[in-house]
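Have a look at my_file01.cif below; it lists mmCIF, C-alpha atoms.
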```cif
data_upload
loop_
_atom_site.label_atom_id
_atom_site.label_comp_id
_atom_site.auth_asym_id
_atom_site.auth_seq_id
_atom_site.Cartn_x
_atom_site.Cartn_y
_atom_site.Cartn_z
CA MET F 1 16.31 32.86 -49.96
CA LYS F 2 16.93 30.25 -52.67
CA LEU F 3 19.08 27.20 -52.08
CA SER F 4 21.44 25.75 -54.63
CA LEU F 5 20.89 22.22 -55.86
CA VAL F 6 23.76 21.08 -53.63
CA GLY F 7 22.18 22.86 -50.67
CA ARG F 8 18.84 21.16 -51.26
CA TRP F 9 20.59 17.79 -51.54
CA SER F 10 22.41 18.47 -48.25
CA MET F 11 19.19 19.35 -46.42
CA ALA F 12 17.48 16.25 -47.80
CA LEU F 13 20.39 14.10 -46.65
CA VAL F 14 20.29 15.55 -43.13
CA ALA F 15 16.53 15.02 -42.92
CA SER F 16 16.88 11.46 -44.13
CA LEU F 17 19.57 10.71 -41.54
CA ALA F 18 17.47 12.25 -38.80
CA LEU F 19 14.53 10.04 -39.66
CA GLY F 20 16.73 6.97 -39.83
CA LEU F 21 18.13 7.68 -36.38
CA GLY F 22 14.75 8.45 -34.88
CA MET F 23 15.71 12.09 -34.24
CA THR F 24 13.02 14.67 -33.61
CA ALA F 25 12.65 18.34 -34.43
CA CYS F 26 13.51 19.11 -30.77
CA GLY F 27 17.00 17.68 -31.16
CA GLY F 28 16.34 14.42 -29.35
CA GLY F 29 17.10 10.92 -30.58
CA THR F 30 15.48 7.53 -30.04
CA ILE F 31 17.85 5.15 -28.29
CA GLY F 32 15.44 2.30 -27.77
CA TYR F 33 11.89 1.03 -27.63
CA MET F 34 9.95 0.02 -24.55
CA TRP F 35 6.92 -2.23 -24.31
CA VAL F 36 4.67 -2.44 -21.25
CA LEU F 37 2.09 -5.16 -20.61
CA GLY F 38 -1.37 -4.28 -19.34
CA GLN F 39 -3.67 -6.88 -17.81
CA GLU F 40 -6.87 -4.81 -17.59
CA TYR F 41 -7.56 -4.95 -21.33
CA ASN F 42 -4.83 -7.43 -22.42
CA GLN F 43 -2.74 -4.79 -24.15
CA ILE F 44 0.87 -3.80 -24.87
CA ALA F 45 1.87 -0.14 -24.76
CA GLY F 46 4.83 0.85 -26.94
CA PHE F 47 7.16 3.81 -26.37
CA LYS F 48 10.21 5.45 -27.89
CA VAL F 49 12.95 6.29 -25.37
CA ASP F 50 14.56 9.69 -25.91
CA GLN F 51 18.34 9.69 -25.69
CA TYR F 52 18.80 13.10 -24.09
CA SER F 53 15.90 13.31 -21.66
CA GLY F 54 14.70 9.73 -21.06
CA ASN F 55 11.24 10.95 -22.06
CA LEU F 56 8.79 8.34 -23.38
CA THR F 57 6.55 8.94 -26.39
CA GLU F 58 4.07 6.41 -27.78
CA VAL F 59 4.94 4.52 -30.94
CA PRO F 60 2.39 4.47 -33.80
CA GLY F 61 -0.51 2.07 -33.22
CA SER F 62 0.01 1.74 -29.46
CA PRO F 63 -1.50 0.03 -27.52
CA PHE F 64 -1.39 -3.35 -29.25
CA SER F 65 -3.40 -6.47 -28.40
CA SER F 66 -1.55 -9.13 -26.38
CA ASN F 67 -3.42 -11.81 -28.39
CA GLY F 68 -4.28 -13.67 -25.21
CA SER F 69 -5.48 -13.14 -21.65
CA VAL F 70 -3.56 -11.79 -18.64
CA PRO F 71 -0.11 -10.95 -20.12
CA VAL F 72 2.53 -11.55 -17.44
CA SER F 73 5.95 -11.58 -19.10
CA LEU F 74 7.67 -10.49 -22.30
CA VAL F 75 11.01 -11.40 -23.80
CA ILE F 76 12.93 -9.62 -26.56
CA LYS F 77 14.99 -11.83 -28.86
CA SER F 78 18.58 -10.64 -29.26
CA GLY F 79 18.79 -8.22 -32.17
CA GLY F 80 15.49 -6.64 -31.20
CA ARG F 81 13.50 -7.86 -34.22
CA TYR F 82 11.10 -10.13 -32.34
CA VAL F 83 9.15 -9.94 -29.08
CA TYR F 84 7.46 -12.82 -27.25
CA VAL F 85 4.53 -12.01 -24.95
CA ILE F 86 3.52 -14.62 -22.38
CA ASN F 87 -0.22 -14.67 -21.67
CA GLN F 88 -1.14 -16.52 -18.49
CA GLY F 89 -4.78 -17.12 -19.40
CA THR F 90 -7.76 -17.52 -17.08
CA THR F 91 -8.74 -20.60 -15.06
CA PRO F 92 -10.42 -23.39 -17.08
CA PRO F 93 -13.90 -24.67 -16.11
CA LYS F 94 -12.61 -27.65 -14.10
CA GLY F 95 -10.31 -25.54 -11.95
CA PRO F 96 -6.61 -24.64 -11.57
CA GLY F 97 -4.09 -27.02 -13.10
CA THR F 98 -6.65 -29.14 -14.94
CA ALA F 99 -6.03 -28.02 -18.52
CA THR F 100 -4.58 -25.28 -20.72
CA TYR F 101 -5.92 -21.96 -19.47
CA ILE F 102 -8.38 -19.88 -21.48
CA GLY F 103 -6.36 -17.38 -23.49
CA GLN F 104 -3.03 -18.92 -22.45
CA SER F 105 -0.51 -18.32 -25.23
CA ILE F 106 2.94 -17.25 -26.35
CA ALA F 107 2.36 -14.44 -28.86
CA LEU F 108 5.14 -13.70 -31.36
CA TYR F 109 5.53 -10.16 -32.73
CA SER F 110 7.88 -8.66 -35.29
CA VAL F 111 9.24 -5.20 -34.50
CA GLY F 112 9.05 -2.39 -37.05
CA GLY F 113 11.66 0.31 -37.46
CA ASP F 114 9.51 2.70 -35.43
CA GLY F 115 8.91 0.25 -32.57
CA THR F 116 5.50 -0.92 -33.78
CA LEU F 117 4.52 -4.53 -33.07
CA THR F 118 3.02 -6.78 -35.74
CA PHE F 119 1.48 -10.03 -34.53
CA GLN F 120 2.86 -13.11 -36.30
CA GLU F 121 1.72 -16.29 -34.60
CA SER F 122 0.70 -17.87 -31.28
CA TYR F 123 2.10 -20.92 -29.50
CA VAL F 124 1.08 -22.75 -26.34
CA SER F 125 3.37 -24.11 -23.63
CA GLN F 126 2.88 -27.66 -22.42
CA GLY F 127 2.07 -26.74 -18.81
CA TYR F 128 -0.81 -24.74 -17.37
CA GLU F 129 -0.94 -21.12 -16.10
CA SER F 130 2.18 -19.53 -17.56
CA VAL F 131 3.96 -17.22 -15.12
CA TRP F 132 7.32 -16.19 -16.67
CA ALA F 133 9.76 -16.68 -19.54
CA GLN F 134 13.49 -16.33 -20.23
CA MET F 135 15.81 -16.72 -23.21
CA ASP F 136 19.33 -18.08 -23.08
CA SER F 137 22.20 -15.63 -23.57
CA SER F 138 22.46 -16.38 -27.30
CA GLY F 139 18.79 -15.63 -27.93
CA THR F 140 18.32 -19.10 -29.44
CA TYR F 141 16.18 -20.86 -26.84
CA LEU F 142 13.02 -19.69 -25.09
CA TYR F 143 12.01 -21.21 -21.74
CA VAL F 144 8.42 -20.72 -20.55
CA LEU F 145 7.61 -21.37 -16.90
CA ASP F 146 4.18 -22.74 -15.96
CA LYS F 147 2.71 -23.09 -12.48
CA TYR F 148 1.39 -26.61 -13.19
CA SER F 149 3.01 -29.43 -15.14
CA PRO F 150 0.60 -31.51 -17.27
CA GLY F 151 -0.51 -34.98 -16.28
CA ILE F 152 -1.06 -37.92 -18.62
CA GLY F 153 -4.58 -37.87 -20.06
CA SER F 154 -6.84 -40.78 -20.96
CA ASN F 155 -5.37 -40.72 -24.48
CA GLY F 156 -1.85 -41.31 -23.16
CA LEU F 157 -0.71 -37.78 -24.02
CA TYR F 158 0.43 -35.04 -21.69
CA ASN F 159 -2.83 -33.10 -21.70
CA GLY F 160 -4.35 -34.33 -18.44
CA ALA F 161 -4.78 -32.58 -15.11
CA ASN F 162 -1.78 -31.96 -12.89
CA THR F 163 -1.42 -34.65 -10.23
CA ASP F 164 1.73 -33.79 -8.25
CA GLY F 165 1.47 -30.02 -7.67
CA ASN F 166 4.76 -29.35 -9.47
CA GLY F 167 5.36 -26.78 -12.17
CA SER F 168 7.14 -27.17 -15.49
CA ILE F 169 9.29 -25.51 -18.12
CA THR F 170 8.51 -25.75 -21.83
CA ALA F 171 11.51 -25.14 -24.10
CA PHE F 172 11.48 -23.85 -27.68
CA THR F 173 14.06 -23.18 -30.35
CA ALA F 174 13.63 -19.72 -31.88
CA ASP F 175 14.32 -19.38 -35.61
CA PRO F 176 16.99 -16.67 -36.13
CA ASN F 177 15.32 -15.31 -39.27
CA THR F 178 11.62 -15.44 -38.44
CA GLY F 179 11.47 -15.75 -34.65
CA ARG F 180 9.12 -18.71 -35.01
CA LEU F 181 9.24 -21.35 -32.29
CA THR F 182 9.80 -25.11 -32.45
CA LEU F 183 9.03 -27.27 -29.41
CA MET F 184 12.01 -29.01 -27.80
CA THR F 185 11.47 -32.29 -25.95
CA ASN F 186 13.26 -33.45 -22.81
CA SER F 187 15.79 -36.07 -23.91
CA GLN F 188 16.67 -36.91 -20.29
CA ASN F 189 13.20 -38.09 -19.37
CA GLN F 190 11.14 -40.62 -21.31
CA VAL F 191 7.75 -42.19 -20.72
CA ASN F 192 7.11 -45.37 -22.72
CA GLY F 193 10.24 -44.58 -24.71
CA VAL F 194 9.07 -41.09 -25.73
CA ASN F 195 10.68 -37.85 -24.58
CA THR F 196 8.47 -35.77 -22.30
CA PRO F 197 7.64 -32.34 -23.81
CA PHE F 198 8.61 -30.42 -20.66
CA TRP F 199 10.97 -30.24 -17.67
CA GLU F 200 9.41 -30.53 -14.23
CA VAL F 201 10.34 -28.08 -11.45
CA GLY F 202 9.20 -27.69 -7.84
CA ALA F 203 5.73 -26.78 -6.63
CA ASN F 204 4.18 -23.39 -7.33
CA PRO F 205 7.01 -21.77 -9.35
CA THR F 206 6.87 -18.00 -9.60
CA MET F 207 9.83 -16.76 -11.65
CA SER F 208 12.96 -17.89 -13.49
CA LYS F 209 16.30 -16.33 -14.38
CA SER F 210 18.76 -17.25 -17.14
CA GLN F 211 22.32 -16.34 -16.17
CA GLY F 212 25.79 -17.60 -17.01
CA GLY F 213 24.75 -20.77 -18.84
CA CYS F 214 22.25 -21.67 -16.11
CA LEU F 215 18.50 -21.38 -15.64
CA TYR F 216 17.19 -20.92 -12.09
CA THR F 217 13.54 -21.29 -11.07
CA VAL F 218 12.03 -20.12 -7.77
CA ASN F 219 9.49 -22.60 -6.37
CA GLY F 220 7.01 -22.46 -3.54
CA GLY F 221 4.93 -19.71 -1.99
CA LEU F 222 3.03 -18.56 1.03
CA THR F 223 1.14 -21.84 1.32
CA SER F 224 4.29 -23.97 1.50
CA GLY F 225 6.37 -21.82 3.86
CA LEU F 226 9.67 -23.22 2.54
CA GLN F 227 10.82 -22.13 -0.90
CA THR F 228 13.52 -23.57 -3.13
CA VAL F 229 15.44 -22.76 -6.28
CA THR F 230 15.70 -25.40 -9.02
CA PRO F 231 18.99 -25.03 -10.95
CA PHE F 232 19.48 -26.27 -14.52
CA SER F 233 22.50 -26.01 -16.77
CA ILE F 234 21.74 -25.06 -20.37
CA GLY F 235 23.41 -27.42 -22.85
CA SER F 236 24.76 -26.48 -26.25
CA THR F 237 21.53 -27.68 -27.89
CA GLY F 238 19.29 -25.90 -25.39
CA GLN F 239 18.59 -29.02 -23.35
CA LEU F 240 18.12 -28.35 -19.64
CA VAL F 241 20.13 -30.57 -17.32
CA PHE F 242 19.16 -30.76 -13.65
CA THR F 243 22.47 -30.19 -11.87
CA THR F 244 24.01 -32.36 -9.21
CA THR F 245 23.45 -29.45 -6.82
CA GLY F 246 19.79 -30.41 -6.47
CA ASN F 247 17.13 -28.02 -5.25
CA ILE F 248 18.57 -25.14 -3.23
CA ALA F 249 16.64 -24.30 -0.05
CA ILE F 250 15.98 -20.65 0.74
CA PRO F 251 16.35 -20.05 4.48
CA GLN F 252 13.39 -18.75 6.46
CA TYR F 253 14.46 -15.35 7.79
CA THR F 254 11.77 -14.90 10.44
CA ALA F 255 10.48 -17.85 12.43
CA GLY F 256 6.79 -18.37 11.82
CA VAL F 257 6.75 -16.05 8.80
CA PRO F 258 6.63 -17.92 5.47
CA THR F 259 9.07 -16.74 2.84
CA ASN F 260 7.47 -14.99 -0.13
CA ILE F 261 10.09 -14.71 -2.86
CA THR F 262 8.80 -12.16 -5.35
CA SER F 263 11.76 -12.03 -7.75
CA ILE F 264 15.06 -13.62 -8.72
CA ASN F 265 17.46 -11.41 -10.66
CA GLY F 266 21.16 -10.96 -11.10
CA SER F 267 24.10 -10.05 -13.30
CA GLY F 268 27.60 -11.41 -13.70
CA SER F 269 28.19 -13.74 -10.77
CA PHE F 270 25.67 -12.11 -8.41
CA MET F 271 22.09 -13.25 -7.82
CA PHE F 272 19.52 -11.61 -5.55
CA LEU F 273 16.10 -12.74 -4.33
CA THR F 274 13.53 -10.39 -2.81
CA ASP F 275 11.45 -11.74 0.10
CA ALA F 276 8.24 -9.80 0.72
CA GLY F 277 7.38 -12.02 3.69
CA SER F 278 10.18 -10.74 5.93
CA ASN F 279 11.24 -7.67 3.88
CA VAL F 280 14.74 -8.98 3.24
CA LEU F 281 17.10 -9.47 0.33
CA TYR F 282 19.01 -12.75 -0.15
CA GLY F 283 22.36 -12.42 -1.91
CA TYR F 284 24.13 -15.26 -3.70
CA GLU F 285 27.13 -15.86 -5.90
CA THR F 286 26.78 -18.29 -8.80
CA THR F 287 29.42 -21.01 -8.74
CA GLY F 288 30.17 -24.30 -10.52
CA SER F 289 27.35 -26.70 -11.39
CA CYS F 290 24.95 -23.73 -11.29
CA ASN F 291 25.13 -23.70 -7.50
CA LEU F 292 24.30 -20.63 -5.41
CA THR F 293 26.59 -19.71 -2.51
CA ALA F 294 25.48 -17.10 0.00
CA LEU F 295 27.34 -13.81 -0.32
CA ASN F 296 29.16 -12.30 2.64
CA GLY F 297 26.38 -11.62 5.11
CA GLY F 298 23.91 -13.70 3.11
CA LYS F 299 20.85 -11.61 3.94
CA THR F 300 20.16 -7.89 3.98
CA SER F 301 17.31 -6.54 6.08
CA LEU F 302 15.63 -3.96 3.88
CA ALA F 303 13.45 -2.96 6.83
CA THR F 304 16.61 -2.00 8.76
CA ASP F 305 18.45 -0.23 5.92
CA PHE F 306 15.30 1.48 4.63
CA PRO F 307 12.89 1.97 7.53
CA ASN F 308 9.18 2.04 6.66
CA THR F 309 9.61 0.24 3.33
CA SER F 310 7.82 -3.07 2.80
CA SER F 311 6.82 -5.69 0.23
CA PRO F 312 9.91 -5.71 -2.05
CA SER F 313 8.77 -6.86 -5.48
CA TYR F 314 11.72 -6.76 -7.90
CA SER F 315 15.48 -6.15 -8.05
CA LEU F 316 17.89 -4.91 -10.71
CA ILE F 317 21.68 -4.71 -10.91
CA ASP F 318 22.81 -1.85 -13.17
CA SER F 319 25.02 -2.49 -16.21
CA THR F 320 28.23 -1.63 -14.31
CA GLY F 321 27.51 -4.16 -11.58
CA LYS F 322 28.06 -1.49 -8.91
CA TYR F 323 24.48 -0.65 -7.94
CA LEU F 324 21.44 -2.66 -6.87
CA TYR F 325 17.88 -1.33 -6.99
CA VAL F 326 14.84 -2.84 -5.25
CA THR F 327 11.21 -1.84 -5.80
CA ASN F 328 8.93 -1.63 -2.76
CA ALA F 329 5.16 -1.89 -2.97
CA SER F 330 4.73 0.28 0.13
CA THR F 331 6.71 3.03 1.87
CA THR F 332 5.96 5.67 4.50
CA SER F 333 8.04 8.54 5.83
CA THR F 334 7.84 11.35 8.35
CA GLN F 335 7.20 13.77 5.48
CA THR F 336 4.53 11.65 3.81
CA THR F 337 2.15 9.78 6.08
CA THR F 338 0.24 8.16 3.21
CA PRO F 339 1.98 4.95 2.06
CA PHE F 340 3.64 5.16 -1.35
CA SER F 341 5.69 2.82 -3.55
CA SER F 342 9.41 3.34 -4.03
CA ILE F 343 12.86 2.17 -5.15
CA SER F 344 15.60 1.46 -2.61
CA ALA F 345 19.16 1.89 -3.91
CA LEU F 346 22.33 0.18 -2.68
CA THR F 347 25.99 -0.03 -3.68
CA ILE F 348 27.65 -3.43 -4.12
CA ASN F 349 31.12 -3.56 -2.55
CA SER F 350 33.29 -5.34 -5.12
CA THR F 351 35.74 -6.48 -2.44
CA ASN F 352 33.51 -8.03 0.22
CA GLN F 353 30.14 -8.04 -1.63
CA GLU F 354 28.44 -6.14 1.17
CA LEU F 355 25.53 -3.84 0.35
CA GLN F 356 25.38 -0.23 1.50
CA PRO F 357 22.31 2.05 1.21
CA ILE F 358 22.64 5.02 -1.13
CA ILE F 359 21.83 8.32 0.54
CA GLY F 360 18.62 9.87 -0.77
CA SER F 361 16.77 6.64 -1.41
CA PRO F 362 14.10 5.34 -1.38
CA TYR F 363 12.73 7.21 -4.39
CA PRO F 364 8.94 7.43 -4.91
CA VAL F 365 7.43 5.65 -7.95
CA GLY F 366 3.91 4.92 -9.20
CA SER F 367 1.66 2.64 -7.18
CA GLY F 368 2.45 -1.08 -7.11
CA PRO F 369 5.73 -1.49 -9.06
CA ILE F 370 6.04 -4.92 -10.70
CA CYS F 371 9.12 -4.80 -12.94
CA MET F 372 12.16 -2.58 -13.55
CA VAL F 373 14.54 -2.06 -16.50
CA GLU F 374 17.64 -0.06 -17.39
CA ASP F 375 17.69 1.59 -20.81
CA PRO F 376 20.19 0.49 -23.52
CA SER F 377 22.42 3.56 -23.02
CA ASN F 378 22.59 2.93 -19.25
CA GLN F 379 21.33 6.42 -18.44
CA TYR F 380 17.81 5.72 -17.19
CA ILE F 381 15.82 3.31 -15.02
CA TYR F 382 12.09 2.66 -15.38
CA THR F 383 9.46 0.79 -13.36
CA SER F 384 6.07 -0.54 -14.48
CA ASN F 385 3.40 0.18 -11.87
CA TYR F 386 0.39 -2.15 -11.66
CA ASN F 387 -2.08 -0.20 -9.54
CA ASP F 388 -2.12 3.05 -11.50
CA GLY F 389 -1.05 1.73 -14.92
CA THR F 390 1.98 4.01 -15.22
CA VAL F 391 5.72 3.89 -15.92
CA THR F 392 8.09 5.88 -13.68
CA GLY F 393 11.46 6.98 -15.08
CA PHE F 394 14.67 8.20 -13.43
CA ALA F 395 18.05 9.48 -14.57
CA LEU F 396 20.86 7.27 -13.26
CA ASN F 397 24.03 8.88 -11.91
CA SER F 398 26.74 6.44 -12.97
CA THR F 399 29.20 7.83 -10.42
CA SER F 400 27.06 7.64 -7.29
CA GLY F 401 24.16 5.36 -8.24
CA GLU F 402 21.68 8.05 -7.20
CA LEU F 403 18.43 8.45 -9.11
CA SER F 404 16.83 11.78 -10.06
CA ASP F 405 13.64 12.84 -11.82
CA LEU F 406 13.67 13.16 -15.60
CA THR F 407 13.84 16.70 -16.93
CA LYS F 408 10.50 16.49 -18.76
CA GLY F 409 8.62 14.61 -16.07
CA SER F 410 9.01 11.10 -14.67
CA THR F 411 5.48 9.67 -14.86
CA PHE F 412 4.04 8.22 -18.07
CA THR F 413 0.58 6.75 -18.61
CA ALA F 414 0.91 3.21 -19.99
CA VAL F 415 -1.94 0.66 -19.82
CA GLY F 416 -4.39 -0.53 -17.17
CA LYS F 417 -2.90 -2.89 -14.58
CA ALA F 418 0.63 -2.63 -15.98
CA SER F 419 2.50 -5.85 -15.25
CA CYS F 420 5.98 -6.19 -16.75
CA LEU F 421 8.01 -4.15 -19.21
CA ALA F 422 11.08 -4.64 -21.41
CA VAL F 423 13.29 -2.38 -23.48
CA SER F 424 15.27 -2.97 -26.67
CA GLY F 425 18.12 -0.83 -27.98
CA SER F 426 18.06 -1.82 -31.62
CA VAL F 427 16.15 -3.49 -34.41
CA GLU F 428 18.72 -5.43 -36.44
#
```
Can you give me the file's structure in the form of structure tokens?
Amino acid sequence: MKLSLVGRWSMALVASLALGLGMTACGGGTIGYMWVLGQEYNQIAGFKVDQYSGNLTEVPGSPFSSNGSVPVSLVIKSGGRYVYVINQGTTPPKGPGTATYIGQSIALYSVGGDGTLTFQESYVSQGYESVWAQMDSSGTYLYVLDKYSPGIGSNGLYNGANTDGNGSITAFTADPNTGRLTLMTNSQNQVNGVNTPFWEVGANPTMSKSQGGCLYTVNGGLTSGLQTVTPFSIGSTGQLVFTTTGNIAIPQYTAGVPTNITSINGSGSFMFLTDAGSNVLYGYETTGSCNLTALNGGKTSLATDFPNTSSPSYSLIDSTGKYLYVTNASTTSTQTTTPFSSISALTINSTNQELQPIIGSPYPVGSGPICMVEDPSNQYIYTSNYNDGTVTGFALNSTSGELSDLTKGSTFTAVGKASCLAVSGSVE
């Protein structure tokens, strides 16, 4: 059969549109790109997210080098054109907190139309042993959290060993056109008349969360027993201002059992912290001056609501604000005697803020979940699993909050020792 010239033009137009939208011959469409960090070989796996099935397929060139050692966190700049990968690095010769770690870096990548990453440049935060990063809501400022703040060296610069055990935040301004970073100094704190190049936080910080014009940092760990949250307000120029609230103490749920806050996450006015020490969830509402006020009930015993789950590692509120999901490093059941990892699901009561378990959860995932994301179309939820280097995907029921397996399979091989993951819906 011969096609007319108009017919051939029409077919060419359809094919061109399909390519532009990321559509495949099977009728699917790409709704976003996902990147997963792997610490075994310092890599980044890239995937396309299928609109109709949630299936993941590798982008060209994946995996990519993290351009550093021990990647722990990644941040996507608003618009989806640039990705920042935070490499923690390995301990320097003189020990923890003595100098910039070997391979510690902030690697900047540009994102191609097919989700490929192209390395642009590396930067280094002012503190030592990077652990996390966040951007403000506008995508203008990047805040990198380090376990150790720098001390003053023999040359009078902040490149000496840490002396007080506290951590620090290094702030950067991100160029809107190139993604390149410019260091921001702390105008509220001067030494010898010069702004310090960082903001100090409490001891042993583990994670931070940017929400509602505030930046919250979780401090402390198993060695300290008592953990706190350091609240900052984010000024119009990106400056961090330590609020009048002061450090917020996290209550110890079980006497004699140190708290072990593994994540701080939230959405809207809600904030939740997972405590692997006592297997509980702390719920807060963000109020004025970046304060945190305990929600009705304050604490939820995950061990009570989800028997045989333990070691909660991460939490996520879905885009509607109605459902809360918590990853568990270990779970057992009467059907499965071998421990497995899982996701616990809860509804958030909009009237009294109480949490109620969703029937059918917990849902099994790959071994050792570290992070969790919701896709840009709000249809799917994914976890990155450290122990087996996989990603687990689920379809999200927006009416009930229940999770179900993807139609083409829910387990995807990513990279060795998968740490965190992030997903972007567009490249603008």
Open item on the list: Taking 6 positions as the minimum chain separation for residues in the same chain, which residues sit within 9 Å of region 270-286 of chain F when counting all atoms listed in the file? Answer as a VMD selection string.
Closed with: chain F and resid 211 to 212 222 250 252 to 254 257 to 264 292 to 303 309 to 317 321 326 328 353
On this file, the PyMOL selection byres ((chain F and resi 180-187) around 12) gives some set of residues; write that set as a PDB file with C-alpha atoms, in the coordinates of the input.
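Listing of expr-v1.pdb after writing:
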```
ATOM      1  CA  LYS F  77      14.990 -11.830 -28.860  1.00  0.00           C
ATOM      2  CA  ARG F  81      13.500  -7.860 -34.220  1.00  0.00           C
ATOM      3  CA  TYR F  82      11.100 -10.130 -32.340  1.00  0.00           C
ATOM      4  CA  VAL F  83       9.150  -9.940 -29.080  1.00  0.00           C
ATOM      5  CA  TYR F  84       7.460 -12.820 -27.250  1.00  0.00           C
ATOM      6  CA  ILE F 106       2.940 -17.250 -26.350  1.00  0.00           C
ATOM      7  CA  ALA F 107       2.360 -14.440 -28.860  1.00  0.00           C
ATOM      8  CA  LEU F 108       5.140 -13.700 -31.360  1.00  0.00           C
ATOM      9  CA  TYR F 109       5.530 -10.160 -32.730  1.00  0.00           C
ATOM     10  CA  SER F 110       7.880  -8.660 -35.290  1.00  0.00           C
ATOM     11  CA  PHE F 119       1.480 -10.030 -34.530  1.00  0.00           C
ATOM     12  CA  GLN F 120       2.860 -13.110 -36.300  1.00  0.00           C
ATOM     13  CA  GLU F 121       1.720 -16.290 -34.600  1.00  0.00           C
ATOM     14  CA  SER F 122       0.700 -17.870 -31.280  1.00  0.00           C
ATOM     15  CA  TYR F 123       2.100 -20.920 -29.500  1.00  0.00           C
ATOM     16  CA  VAL F 124       1.080 -22.750 -26.340  1.00  0.00           C
ATOM     17  CA  SER F 125       3.370 -24.110 -23.630  1.00  0.00           C
ATOM     18  CA  GLN F 126       2.880 -27.660 -22.420  1.00  0.00           C
ATOM     19  CA  GLY F 139      18.790 -15.630 -27.930  1.00  0.00           C
ATOM     20  CA  THR F 140      18.320 -19.100 -29.440  1.00  0.00           C
ATOM     21  CA  TYR F 141      16.180 -20.860 -26.840  1.00  0.00           C
ATOM     22  CA  LEU F 142      13.020 -19.690 -25.090  1.00  0.00           C
ATOM     23  CA  TYR F 143      12.010 -21.210 -21.740  1.00  0.00           C
ATOM     24  CA  VAL F 144       8.420 -20.720 -20.550  1.00  0.00           C
ATOM     25  CA  SER F 168       7.140 -27.170 -15.490  1.00  0.00           C
ATOM     26  CA  ILE F 169       9.290 -25.510 -18.120  1.00  0.00           C
ATOM     27  CA  THR F 170       8.510 -25.750 -21.830  1.00  0.00           C
ATOM     28  CA  ALA F 171      11.510 -25.140 -24.100  1.00  0.00           C
ATOM     29  CA  PHE F 172      11.480 -23.850 -27.680  1.00  0.00           C
ATOM     30  CA  THR F 173      14.060 -23.180 -30.350  1.00  0.00           C
ATOM     31  CA  ALA F 174      13.630 -19.720 -31.880  1.00  0.00           C
ATOM     32  CA  ASP F 175      14.320 -19.380 -35.610  1.00  0.00           C
ATOM     33  CA  PRO F 176      16.990 -16.670 -36.130  1.00  0.00           C
ATOM     34  CA  ASN F 177      15.320 -15.310 -39.270  1.00  0.00           C
ATOM     35  CA  THR F 178      11.620 -15.440 -38.440  1.00  0.00           C
ATOM     36  CA  GLY F 179      11.470 -15.750 -34.650  1.00  0.00           C
ATOM     37  CA  GLN F 188      16.670 -36.910 -20.290  1.00  0.00           C
ATOM     38  CA  ASN F 189      13.200 -38.090 -19.370  1.00  0.00           C
ATOM     39  CA  GLN F 190      11.140 -40.620 -21.310  1.00  0.00           C
ATOM     40  CA  VAL F 191       7.750 -42.190 -20.720  1.00  0.00           C
ATOM     41  CA  GLY F 193      10.240 -44.580 -24.710  1.00  0.00           C
ATOM     42  CA  VAL F 194       9.070 -41.090 -25.730  1.00  0.00           C
ATOM     43  CA  ASN F 195      10.680 -37.850 -24.580  1.00  0.00           C
ATOM     44  CA  THR F 196       8.470 -35.770 -22.300  1.00  0.00           C
ATOM     45  CA  PRO F 197       7.640 -32.340 -23.810  1.00  0.00           C
ATOM     46  CA  PHE F 198       8.610 -30.420 -20.660  1.00  0.00           C
ATOM     47  CA  TRP F 199      10.970 -30.240 -17.670  1.00  0.00           C
ATOM     48  CA  GLU F 200       9.410 -30.530 -14.230  1.00  0.00           C
ATOM     49  CA  GLY F 235      23.410 -27.420 -22.850  1.00  0.00           C
ATOM     50  CA  THR F 237      21.530 -27.680 -27.890  1.00  0.00           C
ATOM     51  CA  GLY F 238      19.290 -25.900 -25.390  1.00  0.00           C
ATOM     52  CA  GLN F 239      18.590 -29.020 -23.350  1.00  0.00           C
ATOM     53  CA  LEU F 240      18.120 -28.350 -19.640  1.00  0.00           C
ATOM     54  CA  VAL F 241      20.130 -30.570 -17.320  1.00  0.00           C
ATOM     55  CA  PHE F 242      19.160 -30.760 -13.650  1.00  0.00           C
TER      56      PHE F 242
END
```
Open item on the list: With distances taken over only C-alpha atoms, which residue among F:Val373, F:Leu396, F:Gly29, F:Val391 lies nearest Ala414 (chain F)?
Closed with: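 The closest residue to Ala414 (chain F) is F:Val391.
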Open item on the list: For the provided coordinates, the residues matched by the PyMOL selection byres ((chain F and resi 70) around 8) should be stated as JSON, numbers by chain.
Closed with: {"F": [38, 39, 40, 42, 68, 69, 71, 72, 87, 88, 89, 90, 103]}
Open item on the list: Show me the residues around (7.8, 17.2, -18.1) - criterion: an atom at most 12 Å away, all atoms listed in the file counted - as a ChimeraX atom specification.
Closed with: /F:53-57,393,405-412
Open item on the list: Here is a test: counting only C-alpha atoms, which residue of F:Ala329, F:Val229, F:Leu403, F:Val85 is nearest to Gly360 (chain F)?
Closed with: F:Leu403
